[in-house]
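S.K.: Have a look at the structure that comes next, please.
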Amino acid sequence: MTNSSLNVPAIKPETLALFGTVRASERRKFFRRLWHLKGGLAGTIVTLLIILIGVLAPWLTPHDPLTGYMLDRLKPPLFLGGTTQYLLGTDQLGRDVLSRLILGTRVSLEAGMSSTIIAAIVGVALGLLAGYFSGAIDWLISSLVNVMLAFPFVLLALAVIAALGPNFRNLVIVMALTAWPIYTRVIRSQIRTIREQEFVTAARVIGANHFRIMLRHGLPNVVNGIIVIASLQVAQLIILESFLSFLGVGVQPPTPSWGNMLGNSRTYMFDRWWLAAFPGIAIFVTTLAINLMGDGLRDLIDPHSRNTI
């Protein structure tokens with residue numbers, strides 16, 4: 001059966017060429033936006049490199065990060081007269097700083113990403129409910145968000161960890177508890193606008209239930225905002241993990257994290273400054289790279305920013 005027997009007009013070669021030109025033009029615009037977002041691209045590359053280091057940490061550590069040798073304690077790094085055996089020196093227990101820094105990459109990233117995922121799931125679910133439904137549900141969730149935002153973070157962290165005990169799991173729970181309200185507040189405002197759109201009204205007319213409308217029509221329209229918030233919040237939660245570990249209520253020794261490395265080095269900060277400098281630099285570079293990646297991702301997927309790039 002031919003196209004002529006079905007009365008389907010044949011596509012002219014000029015039309016196909018026009019479609020190909022449009023697609024090529026869109027690709028050029030996309031790569032041109034990427035080129036203008038140099039900071040975001042650089043942040044993405046550095047972030048991926050740090051994630052790769054965290055994944056391969058057990059195979060990249062030159063020494064056992066948990067075992068120390070007291071005869072080798074407080075050795076300086078190579079550039080300050082140390083040896084090639086310990087490129088970044090050793091700590092007060094004779095443990096290799098470079099090995100602990102590499103393994104701490106995995107611990108800090110796991111804490112930041114795990115708490116971000118939990119916070120996103122809880123916050124988005126509550127934001128969808130608060131934005132789609134009005135009345136008592138919206139009031140209850142919004143009131144809970146306001147209480148969480150007003151509650152002092154340090155007091156909440158100390159209360160939860162005192163009740164449950166200081167370990168990695170409880171640290172993730174504490175950080176997720178402090179992170180979910182921002183998702184709820186942003187998603188709620190977006191869903192309140194989306195629920196008045198014509199496609200949502202049409203879905204109600206054809207008999208779609210509330211759950212289907214929220215998942216099929218509400219959630220896909222707020223994914224971009226979720227991605228941007230999550231990418232920026234990972235950096236914030238890595239800093240929070242370092243802060244709690246510095247206070248001694250986060251990741252517990254002998255497991256290394258950048259925060260407890262800073263905490264353990266405060267006694268030697270004036271005469272062995274590198275013990276605090278290296279984990280501090282790691283926190284700074286990681287959070288800066290993730291923030292640059294989040295800013296670039298926001299500008300890339302935001303329709304209002306595309307016209308200015």
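We label chains A, B, ... in the order they appear in the structure tokens, count residues from 1 in each chain, and number ligands from 1 in the order shown.
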Fewer than 5 positions away in the same chain doesn't count, so skip those; otherwise give me all residues within 7 Å of segment 125-139 of chain A, counting only C-alpha atoms, as a PyMOL selection string.
M.R.: chain A and resi 183-185+187-189+191-192+195+214
S.K.: May I have the selected residues written with all heavy atoms, as a PDB file, in the first residue's frame?
M.R.:
ATOM      1  N   TYR A 183      12.087  22.699  50.485  1.00  0.00           N
ATOM      2  CA  TYR A 183      11.394  22.039  49.375  1.00  0.00           C
ATOM      3  C   TYR A 183       9.890  22.257  49.489  1.00  0.00           C
ATOM      4  O   TYR A 183       9.221  22.591  48.496  1.00  0.00           O
ATOM      5  CB  TYR A 183      11.691  20.533  49.371  1.00  0.00           C
ATOM      6  CG  TYR A 183      13.116  20.167  49.087  1.00  0.00           C
ATOM      7  CD1 TYR A 183      14.026  19.965  50.113  1.00  0.00           C
ATOM      8  CD2 TYR A 183      13.561  20.017  47.784  1.00  0.00           C
ATOM      9  CE1 TYR A 183      15.335  19.617  49.853  1.00  0.00           C
ATOM     10  CE2 TYR A 183      14.871  19.664  47.511  1.00  0.00           C
ATOM     11  CZ  TYR A 183      15.753  19.466  48.555  1.00  0.00           C
ATOM     12  OH  TYR A 183      17.050  19.129  48.285  1.00  0.00           O
ATOM     13  N   THR A 184       9.354  22.068  50.685  1.00  0.00           N
ATOM     14  CA  THR A 184       7.910  22.198  50.878  1.00  0.00           C
ATOM     15  C   THR A 184       7.431  23.600  50.541  1.00  0.00           C
ATOM     16  O   THR A 184       6.406  23.780  49.865  1.00  0.00           O
ATOM     17  CB  THR A 184       7.543  21.848  52.325  1.00  0.00           C
ATOM     18  OG1 THR A 184       7.968  20.516  52.607  1.00  0.00           O
ATOM     19  CG2 THR A 184       6.046  21.948  52.548  1.00  0.00           C
ATOM     20  N   ARG A 185       8.169  24.599  50.994  1.00  0.00           N
ATOM     21  CA  ARG A 185       7.739  25.980  50.770  1.00  0.00           C
ATOM     22  C   ARG A 185       7.782  26.334  49.285  1.00  0.00           C
ATOM     23  O   ARG A 185       6.843  26.947  48.754  1.00  0.00           O
ATOM     24  CB  ARG A 185       8.612  26.931  51.576  1.00  0.00           C
ATOM     25  CG  ARG A 185       8.334  28.377  51.317  1.00  0.00           C
ATOM     26  CD  ARG A 185       8.838  29.252  52.445  1.00  0.00           C
ATOM     27  NE  ARG A 185       8.009  29.124  53.639  1.00  0.00           N
ATOM     28  CZ  ARG A 185       8.170  29.855  54.729  1.00  0.00           C
ATOM     29  NH1 ARG A 185       9.141  30.748  54.804  1.00  0.00           N
ATOM     30  NH2 ARG A 185       7.360  29.707  55.767  1.00  0.00           N
ATOM     31  N   ILE A 187       7.845  24.190  46.561  1.00  0.00           N
ATOM     32  CA  ILE A 187       6.930  23.351  45.776  1.00  0.00           C
ATOM     33  C   ILE A 187       5.486  23.764  46.024  1.00  0.00           C
ATOM     34  O   ILE A 187       4.656  23.778  45.102  1.00  0.00           O
ATOM     35  CB  ILE A 187       7.142  21.869  46.113  1.00  0.00           C
ATOM     36  CG1 ILE A 187       8.581  21.448  45.792  1.00  0.00           C
ATOM     37  CG2 ILE A 187       6.155  20.996  45.337  1.00  0.00           C
ATOM     38  CD1 ILE A 187       9.014  21.745  44.383  1.00  0.00           C
ATOM     39  N   ARG A 188       5.150  24.116  47.246  1.00  0.00           N
ATOM     40  CA  ARG A 188       3.783  24.547  47.557  1.00  0.00           C
ATOM     41  C   ARG A 188       3.393  25.763  46.727  1.00  0.00           C
ATOM     42  O   ARG A 188       2.293  25.810  46.149  1.00  0.00           O
ATOM     43  CB  ARG A 188       3.667  24.873  49.046  1.00  0.00           C
ATOM     44  CG  ARG A 188       2.345  25.525  49.445  1.00  0.00           C
ATOM     45  CD  ARG A 188       2.365  25.936  50.905  1.00  0.00           C
ATOM     46  NE  ARG A 188       1.151  26.658  51.273  1.00  0.00           N
ATOM     47  CZ  ARG A 188       0.975  27.970  51.108  1.00  0.00           C
ATOM     48  NH1 ARG A 188       1.942  28.715  50.582  1.00  0.00           N
ATOM     49  NH2 ARG A 188      -0.167  28.536  51.465  1.00  0.00           N
ATOM     50  N   SER A 189       4.272  26.755  46.653  1.00  0.00           N
ATOM     51  CA  SER A 189       3.944  27.964  45.895  1.00  0.00           C
ATOM     52  C   SER A 189       3.801  27.669  44.404  1.00  0.00           C
ATOM     53  O   SER A 189       2.928  28.244  43.733  1.00  0.00           O
ATOM     54  CB  SER A 189       5.011  29.030  46.128  1.00  0.00           C
ATOM     55  OG  SER A 189       6.269  28.598  45.643  1.00  0.00           O
ATOM     56  N   ILE A 191       2.918  24.687  43.010  1.00  0.00           N
ATOM     57  CA  ILE A 191       1.732  23.864  42.778  1.00  0.00           C
ATOM     58  C   ILE A 191       0.464  24.687  42.892  1.00  0.00           C
ATOM     59  O   ILE A 191      -0.521  24.452  42.164  1.00  0.00           O
ATOM     60  CB  ILE A 191       1.706  22.679  43.767  1.00  0.00           C
ATOM     61  CG1 ILE A 191       2.853  21.715  43.468  1.00  0.00           C
ATOM     62  CG2 ILE A 191       0.381  21.932  43.689  1.00  0.00           C
ATOM     63  CD1 ILE A 191       2.779  21.068  42.105  1.00  0.00           C
ATOM     64  N   ARG A 192       0.429  25.673  43.769  1.00  0.00           N
ATOM     65  CA  ARG A 192      -0.754  26.529  43.888  1.00  0.00           C
ATOM     66  C   ARG A 192      -1.022  27.282  42.591  1.00  0.00           C
ATOM     67  O   ARG A 192      -2.168  27.611  42.276  1.00  0.00           O
ATOM     68  CB  ARG A 192      -0.579  27.513  45.050  1.00  0.00           C
ATOM     69  CG  ARG A 192      -0.680  26.860  46.411  1.00  0.00           C
ATOM     70  CD  ARG A 192      -0.455  27.874  47.520  1.00  0.00           C
ATOM     71  NE  ARG A 192      -1.523  28.852  47.566  1.00  0.00           N
ATOM     72  CZ  ARG A 192      -2.652  28.691  48.249  1.00  0.00           C
ATOM     73  NH1 ARG A 192      -2.851  27.569  48.934  1.00  0.00           N
ATOM     74  NH2 ARG A 192      -3.569  29.619  48.275  1.00  0.00           N
ATOM     75  N   ARG A 195      -2.128  24.329  39.793  1.00  0.00           N
ATOM     76  CA  ARG A 195      -3.440  23.706  39.943  1.00  0.00           C
ATOM     77  C   ARG A 195      -4.558  24.531  39.310  1.00  0.00           C
ATOM     78  O   ARG A 195      -5.662  24.012  39.106  1.00  0.00           O
ATOM     79  CB  ARG A 195      -3.745  23.488  41.425  1.00  0.00           C
ATOM     80  CG  ARG A 195      -4.037  24.759  42.199  1.00  0.00           C
ATOM     81  CD  ARG A 195      -4.381  24.475  43.641  1.00  0.00           C
ATOM     82  NE  ARG A 195      -4.761  25.713  44.336  1.00  0.00           N
ATOM     83  CZ  ARG A 195      -5.125  25.763  45.606  1.00  0.00           C
ATOM     84  NH1 ARG A 195      -5.161  24.646  46.319  1.00  0.00           N
ATOM     85  NH2 ARG A 195      -5.458  26.920  46.162  1.00  0.00           N
ATOM     86  N   MET A 214      -1.612  15.069  40.811  1.00  0.00           N
ATOM     87  CA  MET A 214      -0.382  15.557  41.439  1.00  0.00           C
ATOM     88  C   MET A 214       0.856  14.919  40.833  1.00  0.00           C
ATOM     89  O   MET A 214       1.875  15.595  40.615  1.00  0.00           O
ATOM     90  CB  MET A 214      -0.437  15.290  42.954  1.00  0.00           C
ATOM     91  CG  MET A 214      -1.345  16.243  43.709  1.00  0.00           C
ATOM     92  SD  MET A 214      -1.189  16.061  45.503  1.00  0.00           S
ATOM     93  CE  MET A 214      -1.941  14.454  45.746  1.00  0.00           C
TER      94      MET A 214
END
S.K.: Could you give me, as an MDAnalysis selection string, the residues within 10 Å of Pro58 of chain A, counting only C-alpha atoms and dropping anything in the same chain fewer than 6 positions from it?
M.R.: chainID A and resid 64:65 99 102:103 106
S.K.: For Asp271 of chain A, which residue among A:Leu41, A:Leu74, A:Ile239, A:Val122 is the nearest when counting only C-alpha atoms?
M.R.: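 Closest to Asp271 of chain A, using only C-alpha atoms: A:Leu74.
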S.K.: I want to know what sits within 8 Å of segment 197-203 of chain A, based on only C-alpha atoms, with residues of the same chain fewer than 5 positions away left out; could you give that as a VMD selection string?
M.R.: chain A and resid 208 213 217
S.K.: What would the file look like if the residues just selected were written as a PDB file, in the first residue's frame with N, CA, C and O atoms?
M.R.:
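Saved as part_3.pdb:
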ATOM      1  N   ALA A 208      -9.840  12.302  36.360  1.00  0.00           N
ATOM      2  CA  ALA A 208      -8.576  11.943  37.017  1.00  0.00           C
ATOM      3  C   ALA A 208      -8.660  12.265  38.510  1.00  0.00           C
ATOM      4  O   ALA A 208      -9.170  13.315  38.900  1.00  0.00           O
ATOM      5  N   ILE A 213      -3.403  13.444  39.374  1.00  0.00           N
ATOM      6  CA  ILE A 213      -3.140  14.812  38.909  1.00  0.00           C
ATOM      7  C   ILE A 213      -1.832  15.336  39.509  1.00  0.00           C
ATOM      8  O   ILE A 213      -1.014  15.952  38.817  1.00  0.00           O
ATOM      9  N   HIS A 217       0.695  15.585  36.494  1.00  0.00           N
ATOM     10  CA  HIS A 217       0.622  16.964  36.007  1.00  0.00           C
ATOM     11  C   HIS A 217       1.324  17.964  36.920  1.00  0.00           C
ATOM     12  O   HIS A 217       1.841  18.967  36.431  1.00  0.00           O
TER      13      HIS A 217
END
S.K.: Closest to Leu156 of chain A among A:Met269, A:Ile141, A:Val174, A:Leu71, using only C-alpha atoms?
M.R.: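 For Leu156 of chain A, the nearest of the candidates is A:Val174.
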S.K.: Restricting the calculation to only C-alpha atoms, which member of A:Phe246, A:Asp91, A:Asn224, A:Phe211 is positioned closest to Asp299 of chain A?
M.R.: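 Of A:Phe246, A:Asp91, A:Asn224, A:Phe211, the one nearest Asp299 of chain A is A:Asn224, counting only C-alpha atoms.
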S.K.: Could I get the residues of segment 109-181 of chain A with an atom no further than 12 Å from an atom of segment 247-261 of chain A, each paired with its nearest atom pair and that distance in Å to one decimal, using only C-alpha atoms, sorted by chain and residue number, as a tab-separated table?
M.R.:
residue	atom	partner	partner_atom	distance
A:Leu109	CA	A:Ser257	CA	9.6
A:Glu110	CA	A:Ser257	CA	10.5
A:Ala111	CA	A:Val251	CA	9.2
A:Gly112	CA	A:Ser257	CA	11.8
A:Val154	CA	A:Leu247	CA	10.4
A:Ala157	CA	A:Val249	CA	8.5
A:Leu158	CA	A:Val249	CA	7.6
A:Ala159	CA	A:Val249	CA	10.7
A:Val160	CA	A:Val249	CA	10.3
A:Ile161	CA	A:Val249	CA	7.0
A:Ala162	CA	A:Val249	CA	8.7
A:Ala163	CA	A:Val249	CA	11.8
A:Leu164	CA	A:Val249	CA	11.1
A:Gly165	CA	A:Val249	CA	8.5
A:Pro166	CA	A:Val249	CA	5.4
A:Asn167	CA	A:Val251	CA	5.8
A:Phe168	CA	A:Val251	CA	5.5
A:Arg169	CA	A:Val251	CA	9.2
A:Asn170	CA	A:Gly250	CA	8.3
A:Leu171	CA	A:Gly250	CA	5.7
A:Val172	CA	A:Gly250	CA	9.1
A:Ile173	CA	A:Gly250	CA	11.1
A:Val174	CA	A:Gly250	CA	9.7
A:Met175	CA	A:Gly250	CA	10.3
S.K.: Go ahead and dump the residues you just picked, N, CA and C atoms, as a CSV table (one decimal), in the first residue's frame.
M.R.:
chain,number,residue,atom,x,y,z
A,109,LEU,N,30.5,13.2,51.4
A,109,LEU,CA,29.6,13.2,50.3
A,109,LEU,C,28.4,12.3,50.6
A,110,GLU,N,28.6,11.2,51.2
A,110,GLU,CA,27.5,10.3,51.6
A,110,GLU,C,26.5,11.0,52.5
A,111,ALA,N,27.1,11.7,53.5
A,111,ALA,CA,26.2,12.4,54.5
A,111,ALA,C,25.4,13.5,53.8
A,112,GLY,N,26.1,14.3,52.9
A,112,GLY,CA,25.4,15.4,52.2
A,112,GLY,C,24.3,14.9,51.3
A,154,VAL,N,21.1,24.1,65.9
A,154,VAL,CA,22.0,23.5,66.9
A,154,VAL,C,21.3,22.8,68.0
A,157,ALA,N,19.7,19.6,66.6
A,157,ALA,CA,20.7,18.6,66.4
A,157,ALA,C,21.2,18.0,67.7
A,158,LEU,N,21.4,18.8,68.7
A,158,LEU,CA,21.9,18.3,70.0
A,158,LEU,C,20.8,17.4,70.7
A,159,ALA,N,19.5,17.9,70.6
A,159,ALA,CA,18.5,17.1,71.2
A,159,ALA,C,18.3,15.7,70.5
A,160,VAL,N,18.3,15.7,69.2
A,160,VAL,CA,18.1,14.4,68.5
A,160,VAL,C,19.2,13.5,68.7
A,161,ILE,N,20.5,14.0,68.7
A,161,ILE,CA,21.6,13.1,68.8
A,161,ILE,C,21.8,12.7,70.3
A,162,ALA,N,21.4,13.6,71.2
A,162,ALA,CA,21.4,13.1,72.6
A,162,ALA,C,20.4,12.0,72.9
A,163,ALA,N,19.3,12.1,72.2
A,163,ALA,CA,18.3,11.0,72.4
A,163,ALA,C,18.6,9.7,71.6
A,164,LEU,N,19.2,9.8,70.4
A,164,LEU,CA,19.4,8.7,69.6
A,164,LEU,C,20.8,8.2,69.6
A,165,GLY,N,21.8,9.1,70.0
A,165,GLY,CA,23.2,8.7,70.0
A,165,GLY,C,23.9,9.2,68.8
A,166,PRO,N,25.2,9.6,69.0
A,166,PRO,CA,26.0,10.1,67.9
A,166,PRO,C,26.5,9.0,66.9
A,167,ASN,N,26.0,9.0,65.7
A,167,ASN,CA,26.5,8.1,64.7
A,167,ASN,C,26.1,8.6,63.3
A,168,PHE,N,26.5,8.0,62.3
A,168,PHE,CA,26.3,8.5,60.9
A,168,PHE,C,24.8,8.5,60.6
A,169,ARG,N,24.0,7.5,61.0
A,169,ARG,CA,22.6,7.4,60.6
A,169,ARG,C,21.9,8.6,61.3
A,170,ASN,N,22.1,8.8,62.5
A,170,ASN,CA,21.4,9.9,63.2
A,170,ASN,C,21.9,11.3,62.7
A,171,LEU,N,23.1,11.4,62.3
A,171,LEU,CA,23.6,12.6,61.7
A,171,LEU,C,22.8,12.9,60.4
A,172,VAL,N,22.5,11.9,59.6
A,172,VAL,CA,21.8,12.1,58.3
A,172,VAL,C,20.3,12.5,58.7
A,173,ILE,N,19.8,11.9,59.7
A,173,ILE,CA,18.4,12.2,60.1
A,173,ILE,C,18.3,13.7,60.6
A,174,VAL,N,19.2,14.1,61.3
A,174,VAL,CA,19.2,15.5,61.8
A,174,VAL,C,19.3,16.5,60.6
A,175,MET,N,20.2,16.2,59.7
A,175,MET,CA,20.4,17.1,58.6
A,175,MET,C,19.1,17.1,57.7
S.K.: Need to verify the contact set: Ile182 of chain A, 12 Å, only C-alpha atoms, exclusion of same-chain residues closer than 3 positions in sequence. Can you return it as a count of residues only?
M.R.: 31
S.K.: For atom CA of Met293 of chain A and atom CA of Phe278 of chain A, determine how far apart the two atoms are, in Å to one decimal place.
M.R.: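 Going from atom CA of Met293 of chain A over to atom CA of Phe278 of chain A, I get 22.5 Å.
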